[in-house]
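*Asks:* Just entry.txt, nothing more (compact mmCIF, C-alpha atoms and all ligand atoms):
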# COMPACT_ATOMS: atom_id res chain seq x y z
CA MET D 14 63.00 106.84 103.55
CA ALA D 15 60.83 104.54 105.67
CA ARG D 16 59.71 105.87 109.03
CA TRP D 17 61.82 103.40 110.98
CA SER D 18 64.93 104.49 109.13
CA VAL D 19 64.24 108.13 109.91
CA TRP D 20 64.05 107.20 113.58
CA LEU D 21 67.24 105.17 113.26
CA PHE D 22 68.95 108.12 111.61
CA LEU D 23 67.83 110.49 114.34
CA SER D 24 68.82 108.20 117.19
CA LEU D 25 72.21 107.56 115.62
CA ALA D 26 72.62 111.30 115.18
CA VAL D 27 72.00 111.77 118.88
CA LEU D 28 74.39 108.97 119.79
CA PHE D 29 77.22 109.58 117.38
CA GLY D 30 76.95 113.13 116.16
CA PRO D 31 77.63 113.72 112.47
CA LEU D 32 76.29 111.10 110.11
CA ILE D 33 76.71 110.34 106.49
CA LEU D 34 74.18 109.06 104.03
CA VAL D 35 75.39 106.87 101.20
CA ARG D 36 73.22 105.77 98.36
CA GLN D 37 73.74 102.24 97.06
CA ASN D 38 71.40 101.35 94.19
CA SER D 39 68.00 102.49 95.38
CA ASN D 40 68.73 101.97 99.05
CA VAL D 41 69.82 104.79 101.24
CA VAL D 42 72.15 103.44 103.85
CA ILE D 43 72.88 105.41 106.97
CA PHE D 44 76.18 105.30 108.75
CA SER D 45 77.54 106.92 111.80
CA ALA D 46 80.75 108.79 111.22
CA SER D 47 82.80 106.01 112.79
CA LEU D 48 85.47 106.30 110.10
CA ALA D 49 86.08 110.00 110.65
CA GLY D 50 89.77 110.55 111.29
CA ARG D 51 90.73 106.91 110.72
CA VAL D 52 93.85 106.20 108.70
CA ILE D 53 93.32 103.30 106.29
CA ALA D 54 95.90 101.83 103.93
CA VAL D 55 94.61 100.40 100.65
CA ASP D 56 96.98 98.31 98.57
CA PRO D 57 95.97 97.49 94.99
CA GLY D 58 98.18 94.47 94.26
CA HIS D 59 100.64 94.27 91.35
CA GLY D 60 100.84 97.09 88.73
CA GLY D 61 103.30 98.24 86.09
CA VAL D 62 105.52 95.39 84.89
CA ASP D 63 103.65 92.98 87.17
CA PRO D 64 100.19 92.28 85.68
CA GLY D 65 99.17 89.71 88.31
CA ALA D 66 96.74 87.03 87.14
CA LEU D 67 95.66 87.02 83.51
CA GLY D 68 92.06 86.61 82.40
CA PRO D 69 90.21 86.34 79.12
CA ASP D 70 90.16 89.21 76.58
CA GLY D 71 93.15 90.99 78.08
CA LEU D 72 91.57 91.24 81.53
CA LEU D 73 94.39 91.79 84.06
CA GLU D 74 94.42 91.50 87.83
CA LYS D 75 96.40 94.76 88.18
CA ASP D 76 93.68 96.77 86.41
CA ILE D 77 90.75 95.21 88.26
CA VAL D 78 92.27 95.72 91.69
CA LEU D 79 93.30 99.32 90.99
CA ASP D 80 89.78 100.18 89.88
CA VAL D 81 88.18 98.54 92.93
CA ALA D 82 90.73 100.21 95.23
CA LEU D 83 90.05 103.68 93.81
CA ARG D 84 86.32 103.14 94.25
CA LEU D 85 86.93 102.00 97.81
CA ARG D 86 89.04 105.10 98.47
CA THR D 87 86.17 107.34 97.32
CA LEU D 88 83.77 105.65 99.75
CA LEU D 89 86.22 105.76 102.66
CA GLN D 90 87.03 109.41 102.07
CA ALA D 91 83.32 110.23 101.91
CA ALA D 92 83.03 108.67 105.36
CA GLY D 93 85.80 110.91 106.67
CA ALA D 94 88.72 108.47 106.63
CA SER D 95 92.18 109.38 105.48
CA VAL D 96 93.27 106.85 102.85
CA VAL D 97 96.86 105.89 102.12
CA MET D 98 97.27 104.19 98.74
CA THR D 99 100.36 102.12 97.89
CA ARG D 100 99.73 103.00 94.23
CA GLU D 101 97.21 105.15 92.38
CA THR D 102 98.19 104.41 88.79
CA ASP D 103 99.34 101.46 86.71
CA THR D 104 102.82 101.24 88.17
CA ASP D 105 104.87 99.01 90.40
CA LEU D 106 107.13 100.38 93.10
CA SER D 107 110.40 98.80 91.98
CA ASP D 108 113.33 100.50 90.25
CA SER D 109 112.86 100.20 86.51
CA ALA D 110 116.67 100.09 86.25
CA LEU D 111 116.38 96.48 87.43
CA GLY D 112 114.88 95.73 84.02
CA ARG D 113 113.81 92.15 83.66
CA GLN D 114 115.03 90.97 87.06
CA TYR D 115 111.43 90.36 87.95
CA SER D 116 111.90 88.45 91.18
CA ARG D 117 114.15 91.20 92.58
CA ARG D 118 111.67 93.81 91.40
CA LYS D 119 108.79 91.95 93.05
CA ARG D 120 110.62 91.84 96.36
CA GLN D 121 111.53 95.54 96.18
CA ASP D 122 107.95 96.39 95.20
CA LEU D 123 106.52 94.54 98.20
CA GLU D 124 109.09 96.00 100.62
CA ARG D 125 108.24 99.51 99.48
CA ARG D 126 104.51 98.89 99.83
CA VAL D 127 105.00 97.69 103.40
CA ARG D 128 107.17 100.73 104.14
CA ILE D 129 104.39 103.05 102.92
CA VAL D 130 101.86 101.27 105.13
CA ASN D 131 104.04 101.23 108.24
CA GLU D 132 105.32 104.78 107.89
CA SER D 133 101.80 106.10 107.34
CA LYS D 134 100.76 104.80 110.77
CA ALA D 135 97.73 103.25 109.10
CA GLU D 136 95.31 101.63 111.55
CA ILE D 137 94.38 98.87 109.13
CA LEU D 138 95.56 97.60 105.76
CA VAL D 139 93.36 96.20 103.02
CA SER D 140 95.32 94.61 100.18
CA ILE D 141 93.24 93.83 97.11
CA HIS D 142 93.96 90.95 94.73
CA VAL D 143 92.27 88.66 92.22
CA ASN D 144 92.50 84.90 92.52
CA SER D 145 93.37 82.43 89.79
CA MET D 146 93.49 78.64 89.60
CA VAL D 147 94.27 76.12 86.90
CA SER D 148 90.75 74.75 87.21
CA ALA D 149 87.88 77.03 86.16
CA ARG D 150 85.50 75.66 88.78
CA TRP D 151 86.46 77.82 91.78
CA SER D 152 84.75 81.12 92.42
CA GLY D 153 83.97 83.57 95.20
CA ALA D 154 85.61 86.43 97.04
CA GLN D 155 87.66 85.56 100.12
CA ALA D 156 89.46 87.50 102.87
CA PHE D 157 92.77 86.29 104.33
CA PHE D 158 94.54 87.27 107.54
CA ALA D 159 97.97 86.56 109.02
CA GLU D 160 98.37 83.65 111.42
CA GLY D 161 98.31 84.88 115.01
CA SER D 162 96.68 88.25 114.28
CA ASP D 163 93.41 88.36 116.23
CA GLU D 164 92.55 91.84 114.97
CA GLY D 165 93.43 90.84 111.42
CA GLN D 166 91.10 87.88 111.77
CA LYS D 167 88.32 90.08 113.13
CA LEU D 168 88.77 92.51 110.23
CA ALA D 169 88.77 89.64 107.72
CA GLN D 170 85.60 88.19 109.25
CA ASN D 171 83.78 91.50 108.97
CA LEU D 172 84.88 91.87 105.35
CA GLN D 173 83.92 88.30 104.48
CA GLU D 174 80.50 88.72 106.04
CA ALA D 175 79.88 91.86 103.98
CA LEU D 176 81.16 90.18 100.80
CA ARG D 177 78.78 87.25 101.32
CA GLU D 178 75.89 89.57 102.10
CA TYR D 179 76.29 92.14 99.32
CA LEU D 180 77.55 89.95 96.48
CA LYS D 181 75.24 87.02 97.27
CA ASN D 182 77.39 84.62 95.28
CA THR D 183 79.72 82.94 97.75
CA ASN D 184 79.71 81.02 101.00
CA ARG D 185 83.44 81.29 101.44
CA GLN D 186 84.90 81.70 104.91
CA VAL D 187 87.96 83.65 105.98
CA ALA D 188 91.29 81.82 105.91
CA ARG D 189 94.82 82.25 107.19
CA GLY D 190 97.14 83.35 104.43
CA ASP D 191 100.91 83.49 104.37
CA PHE D 192 101.33 86.74 102.45
CA TYR D 193 104.28 89.13 102.75
CA MET D 194 102.09 92.23 103.10
CA LEU D 195 100.13 90.65 105.94
CA ARG D 196 103.21 89.37 107.76
CA GLN D 197 105.20 92.59 107.54
CA SER D 198 102.56 95.23 108.19
CA ASN D 199 102.43 96.63 111.71
CA CYS D 200 98.64 97.05 111.72
CA PRO D 201 95.74 94.58 111.44
CA ALA D 202 95.77 93.56 107.79
CA VAL D 203 93.64 91.62 105.34
CA LEU D 204 94.21 90.48 101.81
CA VAL D 205 90.98 90.26 99.84
CA GLU D 206 90.89 88.06 96.78
CA VAL D 207 87.87 89.66 95.12
CA GLY D 208 87.15 86.70 92.87
CA PHE D 209 88.59 84.12 90.47
CA ILE D 210 89.65 85.41 87.07
CA SER D 211 90.03 81.75 86.07
CA ASN D 212 86.27 81.22 86.36
CA PRO D 213 84.60 82.50 83.16
CA ARG D 214 81.43 83.65 84.91
CA GLU D 215 83.34 85.48 87.61
CA ALA D 216 85.83 86.92 85.10
CA SER D 217 82.98 88.60 83.25
CA LEU D 218 81.66 89.97 86.55
CA LEU D 219 85.12 91.29 87.42
CA ALA D 220 85.24 93.01 84.04
CA SER D 221 82.03 94.91 84.74
CA GLU D 222 81.90 98.34 86.29
CA GLU D 223 78.75 97.54 88.24
CA TYR D 224 80.32 94.51 89.93
CA ARG D 225 83.47 96.45 90.81
CA ARG D 226 81.25 99.06 92.42
CA GLN D 227 79.56 96.33 94.46
CA LEU D 228 82.92 94.90 95.48
CA ALA D 229 84.16 98.28 96.68
CA TRP D 230 80.91 98.78 98.53
CA ALA D 231 81.12 95.38 100.27
CA ILE D 232 84.71 95.98 101.39
CA PHE D 233 83.74 99.44 102.62
CA ALA D 234 80.79 98.01 104.58
CA GLY D 235 83.07 95.36 106.11
CA ILE D 236 85.57 98.00 107.28
CA LEU D 237 82.76 100.03 108.79
CA ARG D 238 81.46 97.02 110.70
CA TYR D 239 84.91 96.25 112.02
CA TRP D 240 84.91 99.52 113.93
CA GLN D 241 81.24 99.52 114.82
CA ARG D 242 81.45 96.26 116.72
ZN ZN D 301 97.57 89.08 93.21
Any chance you could put this one into structure tokens?
*Replies:*
Amino acid sequence: MARWSVWLFLSLAVLFGPLILVRQNSNVVIFSASLAGRVIAVDPGHGGVDPGALGPDGLLEKDIVLDVALRLRTLLQAAGASVVMTRETDTDLSDSALGRQYSRRKRQDLERRVRIVNESKAEILVSIHVNSMVSARWSGAQAFFAEGSDEGQKLAQNLQEALREYLKNTNRQVARGDFYMLRQSNCPAVLVEVGFISNPREASLLASEEYRRQLAWAIFAGILRYWQR
């Protein structure tokens, strides 16, 4: 650890009390325990009968987002936060008795996710998705917030900044998004599209464990910044 970072660690320790050290690649990053006691909802989109966007070689949105979400949960819990997941396995939240009535199942699934978030009294919601377009040319992670939510916008901006900084592969800016989860949740909420599965280069990144780890890290860093500012 460089001398300046030791001093930073010590002064933060004096200011904020307990600290955590997290190792990312070869860098040791120091955080104050600003997430201790926070309640954070993490929503891995899709699952079960709903695969989400489809990529090459059987790559599915539902699997990518669950993996990133579980990695994010580990980081948040290490920082002392209490994490509420809308799903932890490859399942959707609808009644399987509805069979192939997929649009009804989708609605029920989303309603139940929102109920979990709102009943948990989560302070923020991060919903994780993968983007897809007909054209292969688009790429880059992007955070969306609900129209009229200043806190949601602030959260999205912090996440976007961290995504740009850590992934170093996009200049995307935050955008308003008309998503059910964002509209219906009672807390500041963001929907992060972690990349485009329709872009071959990005699809292969999304398939890799290392990149998913970086994604989780960037989202974690963005959440931390949101409360440190
Ligand atoms: Zn999705």
*Asks:* What residues of the protein or nucleic acid chains come within 10 Å of ligand ZN 301 (chain D) when you use only C-alpha atoms and all ligand atoms? Reply as a list in words.
*Replies:*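 Sorted by chain and then by number, the residues are Pro57, Gly58, His59, Gly60, Asp63, Pro64, Gly65, Ala66, Glu74, Lys75, Val78, Ser140, Ile141, His142, Val143, Asn144, Ser145, Leu204, Val205, Glu206 and Val207 of chain D.
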*Asks:* Take the residues from that selection and write them out as an mmCIF file, keeping the file's coordinate frame, keeping C-alpha atoms.
*Replies:*
data_model
loop_
_atom_site.group_PDB
_atom_site.id
_atom_site.type_symbol
_atom_site.label_atom_id
_atom_site.label_comp_id
_atom_site.auth_asym_id
_atom_site.auth_seq_id
_atom_site.Cartn_x
_atom_site.Cartn_y
_atom_site.Cartn_z
ATOM 1 C CA PRO D 57 95.970 97.490 94.990
ATOM 2 C CA GLY D 58 98.180 94.470 94.260
ATOM 3 C CA HIS D 59 100.640 94.270 91.350
ATOM 4 C CA GLY D 60 100.840 97.090 88.730
ATOM 5 C CA ASP D 63 103.650 92.980 87.170
ATOM 6 C CA PRO D 64 100.190 92.280 85.680
ATOM 7 C CA GLY D 65 99.170 89.710 88.310
ATOM 8 C CA ALA D 66 96.740 87.030 87.140
ATOM 9 C CA GLU D 74 94.420 91.500 87.830
ATOM 10 C CA LYS D 75 96.400 94.760 88.180
ATOM 11 C CA VAL D 78 92.270 95.720 91.690
ATOM 12 C CA SER D 140 95.320 94.610 100.180
ATOM 13 C CA ILE D 141 93.240 93.830 97.110
ATOM 14 C CA HIS D 142 93.960 90.950 94.730
ATOM 15 C CA VAL D 143 92.270 88.660 92.220
ATOM 16 C CA ASN D 144 92.500 84.900 92.520
ATOM 17 C CA SER D 145 93.370 82.430 89.790
ATOM 18 C CA LEU D 204 94.210 90.480 101.810
ATOM 19 C CA VAL D 205 90.980 90.260 99.840
ATOM 20 C CA GLU D 206 90.890 88.060 96.780
ATOM 21 C CA VAL D 207 87.870 89.660 95.120
#
*Asks:* Quick one: contact table of segment 173-238 of chain D to segment 110-128 of chain D, 12 Å max, nearest atom pair and distance in Å to one decimal per residue, counting all atoms listed in the file, chain and number order, as a Markdown table?
*Replies:*
| residue | atom | partner | partner_atom | distance |
| --- | --- | --- | --- | --- |
| D:Phe192 | CA | D:Leu123 | CA | 10.3 |
| D:Tyr193 | CA | D:Leu123 | CA | 7.4 |
| D:Met194 | CA | D:Val127 | CA | 6.2 |
| D:Leu195 | CA | D:Val127 | CA | 8.9 |
| D:Arg196 | CA | D:Val127 | CA | 9.6 |
| D:Gln197 | CA | D:Val127 | CA | 6.6 |
| D:Ser198 | CA | D:Val127 | CA | 5.9 |
| D:Asn199 | CA | D:Val127 | CA | 8.8 |
| D:Cys200 | CA | D:Val127 | CA | 10.5 |
| D:Ala202 | CA | D:Val127 | CA | 11.0 |
*Asks:* In the coordinates of the file, take the point (80.3, 87.4, 86.7) and a cut-off of 12 Å; then, counting all atoms listed in the file, name each qualifying protein, DNA or RNA residue as a PyMOL selection string.
*Replies:* chain D and resi 152-154+180-183+207-225+227-228
*Asks:* Rank D:Ser95, D:Gln170, D:Asn131, D:Thr87 by their smallest atom-to-atom distance to Trp230 of chain D, using all atoms listed in the file, and report the top residue only.
*Replies:* D:Thr87
*Asks:* Quick check, in Å to one decimal: how far apart do atom CA of Val147 of chain D and atom CA of Arg185 of chain D lie?
*Replies:*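 Answer for the atom CA of Val147 of chain D to atom CA of Arg185 of chain D separation: 18.9 Å.
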*Asks:* Could you list, as a list in words, every residue within 8 Å of Val203 of chain D, counting all atoms listed in the file and ignoring same-chain residues fewer than 5 positions away?
*Replies:*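 Near Val203 of chain D, the qualifying residues are Leu138, Val139, Ser140, Ala156, Phe157, Phe158, Ala159, Gly165, Gln166, Leu168, Ala169 and Leu195 of chain D.
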*Asks:* Using all atoms of segment 111-127 of chain D listed in the file and a margin of 6 Å per side, can you give the axis-aligned box centre and edge lengths in Å to one decimal, as lines of an AutoDock Vina configuration file?
*Replies:*
center_x = 110.4
center_y = 94.0
center_z = 93.5
size_x = 23.9
size_y = 23.1
size_z = 31.7
